[in-house]
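Report on the structure given below.
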Amino acid sequence: MSSGLKDYADYVNDKISVNMLNSRNYIGVDNILPDKNGVTISNYIPETGSVTSFKKGDILIGNIRPYLKKIWLATFDGGCSADVLCIRSNGAVSSTFLYSVLSQDAFFEFDMMGSKGSKMPRGDKKHIMNFPISNIDNSYEIGNLTSSILKKIENNNHIINALDDLAMSVYEQWFVQFEFPNENGKPYKHNNGRMEYSEDIKKNIPYGWKVKKLEDIIIENPKSTIKVSDVTDNGDIPFFTSGERILKTNKSMVSGMNIFLNTGGQADVKSYFGEAAYSTDTWCIKSENNLNYILSFFLKKIKASIDHNFFQGTGLKHLQKESLKKIFIIVPDDYRIKLFSSFAENVFKQKSILIKDNEYLSNVRDEIIVSLVNK
């Protein structure tokens, strides 16, 4: 017997003060990852007022551009923005079963059918509650399967985030605070390491280090001729765009360590080690002399500045690449470059393994869920 989502769940309308939230328990539509890939730490938290209060086990769905397939089964309590729908099981079936059903592509296609707006379609809450649900006889089996796979994916994501935090922490300690290990293994600047003044950036830097403009160290990969609309999202090679999603393709354009910057909309910096491709609206760059990793972390650290100072235009803003090329970057001595690059390369390789593992687990989950739900 077929029924609808409204028979098994309700929208959550409880509120929580933003004073109770932080970057790790506030969920906005921007930090729910596309393609059912969970959530990341938020870069924005409201300063006043209250937002929807969610509980562990609730299902959060990004309600802007449903085709991005933003859905997450909450693993902690927190608060979410008005652009995020919070759905809670009424107890008739488990939360993991409901998540399994709603994580199907069929749900997002249904969501899009009722959405309103063209450029930024928004799901219709009443329409969503009419999504048909059948075969709840397998709900326990489906819920348990989903729960076990989600735990593995969540664990991988925790490791990925920890690797990101560790790498950025080391970058900041070495190349911002100048507290890299000296010849005795002690923090350089704190232990009276020799410094010299740079006129270019008006500050002291370690002796022997240099200051260069980005244009002096970057290599621009050829401009892509492939539009996002030309990509079918099939294959094993990541396809980078100026949007949130990283699509898939069968044709590689670059290999090794590369950096991908949005050229339209707002600033974003993505880095990837391995075979990759990119769209016409993406600027793909790298650097010589093992500076790739330092360049990557430098650009990520100044992303807000790039967005504020180097994106211009009315309507859709565009990256002013020639202006960005003129900014200065500190270039360490060869030994520190080699040491940090070796460390960072291992981090990126480990992340790549975990990301591929998550993709495999997600595909297995989706295939099994579809077969069980429609059994």
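As shown in the structure tokens, the chain order sets the letters A, B, ...; within each chain, residues go from 1, and ligands are also counted from 1 in the order they appear.
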Tell me, which residues of region 77-238 of chain A carry DSSP strand (DSSP E or B), written as a PyMOL selection string? chain A and resi 78-80+84-89+116+122+132-133+181+187+195-198+203-206+210-213+218-220+237-238
Kindly assemble as a Markdown table a list of the region 31-54 of chain A residues that lie within 9 Å of region 151-159 of chain A, each paired with its nearest atom pair and their distance in Å to one decimal, using only C-alpha atoms, sorted first by chain and then by ascending residue number.
| residue | atom | partner | partner_atom | distance |
| --- | --- | --- | --- | --- |
| A:Asn37 | CA | A:Ile153 | CA | 8.5 |
| A:Gly38 | CA | A:Glu154 | CA | 7.8 |
| A:Val39 | CA | A:Asn157 | CA | 9.0 |
| A:Thr40 | CA | A:Asn157 | CA | 8.8 |
Emit the selected residues as a PDB file, in the first residue's frame, including N, CA, C and O atoms.
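The resulting again_23.pdb:
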ATOM      1  N   ASN A  37      26.586  14.200   0.171  1.00  0.00           N
ATOM      2  CA  ASN A  37      27.911  14.002   0.755  1.00  0.00           C
ATOM      3  C   ASN A  37      28.064  14.562   2.160  1.00  0.00           C
ATOM      4  O   ASN A  37      29.177  14.800   2.622  1.00  0.00           O
ATOM      5  N   GLY A  38      26.940  14.791   2.850  1.00  0.00           N
ATOM      6  CA  GLY A  38      27.028  15.222   4.239  1.00  0.00           C
ATOM      7  C   GLY A  38      27.154  16.725   4.391  1.00  0.00           C
ATOM      8  O   GLY A  38      26.662  17.495   3.572  1.00  0.00           O
ATOM      9  N   VAL A  39      27.844  17.142   5.448  1.00  0.00           N
ATOM     10  CA  VAL A  39      27.986  18.573   5.742  1.00  0.00           C
ATOM     11  C   VAL A  39      29.442  18.900   6.022  1.00  0.00           C
ATOM     12  O   VAL A  39      30.263  18.027   6.283  1.00  0.00           O
ATOM     13  N   THR A  40      29.734  20.193   5.968  1.00  0.00           N
ATOM     14  CA  THR A  40      31.046  20.695   6.334  1.00  0.00           C
ATOM     15  C   THR A  40      30.872  21.849   7.311  1.00  0.00           C
ATOM     16  O   THR A  40      29.747  22.298   7.554  1.00  0.00           O
TER      17      THR A  40
END
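In this structure, CA of Phe310 (chain A) sits 6.4 Å away from CA of Leu324 (chain A).
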Among the residues of region 124-173 of chain A, find those DSSP assigns to helix (DSSP H, G or I) from the backbone and print them as a PyMOL selection string. chain A and resi 125-128+136-173
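All residues of protein, DNA or RNA that reach within 12 Å of Lys125 (chain A), judged by only C-alpha atoms and not counting those fewer than 6 positions away in the chain, are Leu5, Lys6, Asp10, Tyr11, Val12, Ile61, Gly62, Asn63, Ile64, Pro66, Ala82, Asp83, Val84, Leu85, Cys86, Ile87, Phe110, Asp111, Met112, Gly114, Ser115, Lys116 and Phe131 of chain A.
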Residues as selected, C-alpha atoms, written as an mmCIF file, in the first residue's frame, can you do that?
data_model
loop_
_atom_site.group_PDB
_atom_site.id
_atom_site.type_symbol
_atom_site.label_atom_id
_atom_site.label_comp_id
_atom_site.auth_asym_id
_atom_site.auth_seq_id
_atom_site.Cartn_x
_atom_site.Cartn_y
_atom_site.Cartn_z
ATOM 1 C CA LEU A 5 5.896 11.265 3.416
ATOM 2 C CA LYS A 6 3.297 13.215 5.425
ATOM 3 C CA ASP A 10 6.569 16.275 10.025
ATOM 4 C CA TYR A 11 8.465 19.494 9.524
ATOM 5 C CA VAL A 12 10.268 20.743 12.624
ATOM 6 C CA ILE A 61 17.393 18.967 3.114
ATOM 7 C CA GLY A 62 18.705 21.978 1.192
ATOM 8 C CA ASN A 63 15.621 23.685 -0.203
ATOM 9 C CA ILE A 64 17.368 25.823 -2.835
ATOM 10 C CA PRO A 66 16.966 20.657 -5.182
ATOM 11 C CA ALA A 82 15.302 28.861 6.810
ATOM 12 C CA ASP A 83 16.650 27.552 3.489
ATOM 13 C CA VAL A 84 17.118 24.127 5.057
ATOM 14 C CA LEU A 85 14.095 21.888 5.620
ATOM 15 C CA CYS A 86 14.148 19.897 8.854
ATOM 16 C CA ILE A 87 12.099 16.697 8.760
ATOM 17 C CA PHE A 110 9.972 14.732 -7.453
ATOM 18 C CA ASP A 111 11.139 17.765 -5.457
ATOM 19 C CA MET A 112 12.168 19.570 -8.653
ATOM 20 C CA GLY A 114 7.104 20.982 -7.559
ATOM 21 C CA SER A 115 9.821 23.619 -7.241
ATOM 22 C CA LYS A 116 9.264 27.296 -8.005
ATOM 23 C CA PHE A 131 6.308 12.142 -1.988
#
